[in-house]
Amino acid sequence: MVSKRLSHEDGHKRKFLCVVDSTTECEKAVLYAERRATNTGGALALLYVYEPEDFQHWLGVEEVMKAEARERGEEHLEKYAAFCREHGSIDPQLIYREGRTKEQILELVEEDQDISILVLAAGDSKDGPGPLVSSLGAAGSAFGIPVIVVPCEMTFEDIDSVT
């Protein structure tokens, strides 16, 4: 069960959380979240999660891999933060985490009571919308906040018209 949201309390804003990654459809989810946050006077947080592999052979190699992954994650976050500033007036909060993506999302939503809506991008694979969308959908009502899935087929114009 997710704790009470504070987004309508004094000193708080409704915050949209958008998970970013290297997929091409991610840009559309970020644009949707940025537009909704801007148009509703809300805030935006961008989350990148690095899922480490179970690599325990050499500690030095593992540390190098983690450092490289962090660098890639921070590059994605900065890229999408610049995209938000270019396409709107939001300067998003940037969050980098390590672990399983679904678990990190759930922990972050529990920690930050301003997060009211999760925005994800749906892929166009014949296997479905993607593993994250599928796993969060399976979580059902246990998730506790609305999840918006932005279809990859939407154009920027489509996104503008619905936000």
# chains A, B, ... in the order shown; residues from 1 in each chain; ligands from 1

$ select_by_dssp --residues "segment 2-87 of chain A" --states "strand (DSSP E)" --output "list in words"
Lys15, Phe16, Leu17, Cys18, Val19, Ala43, Leu44, Ala45, Leu46, Leu47, Tyr48, Val49 and Tyr50 of chain A

$ residues_around --residues "Tyr32 of chain A" --least-positions-apart "3" --cutoff "7 Å" --atoms "only C-alpha atoms" --output "PyMOL selection string"
chain A and resi 28-29+35-36+159+163

$ atom_distance --atom1 "atom CA of Leu46 of chain A" --atom2 "atom CA of Ala122 of chain A"
16.4 Å
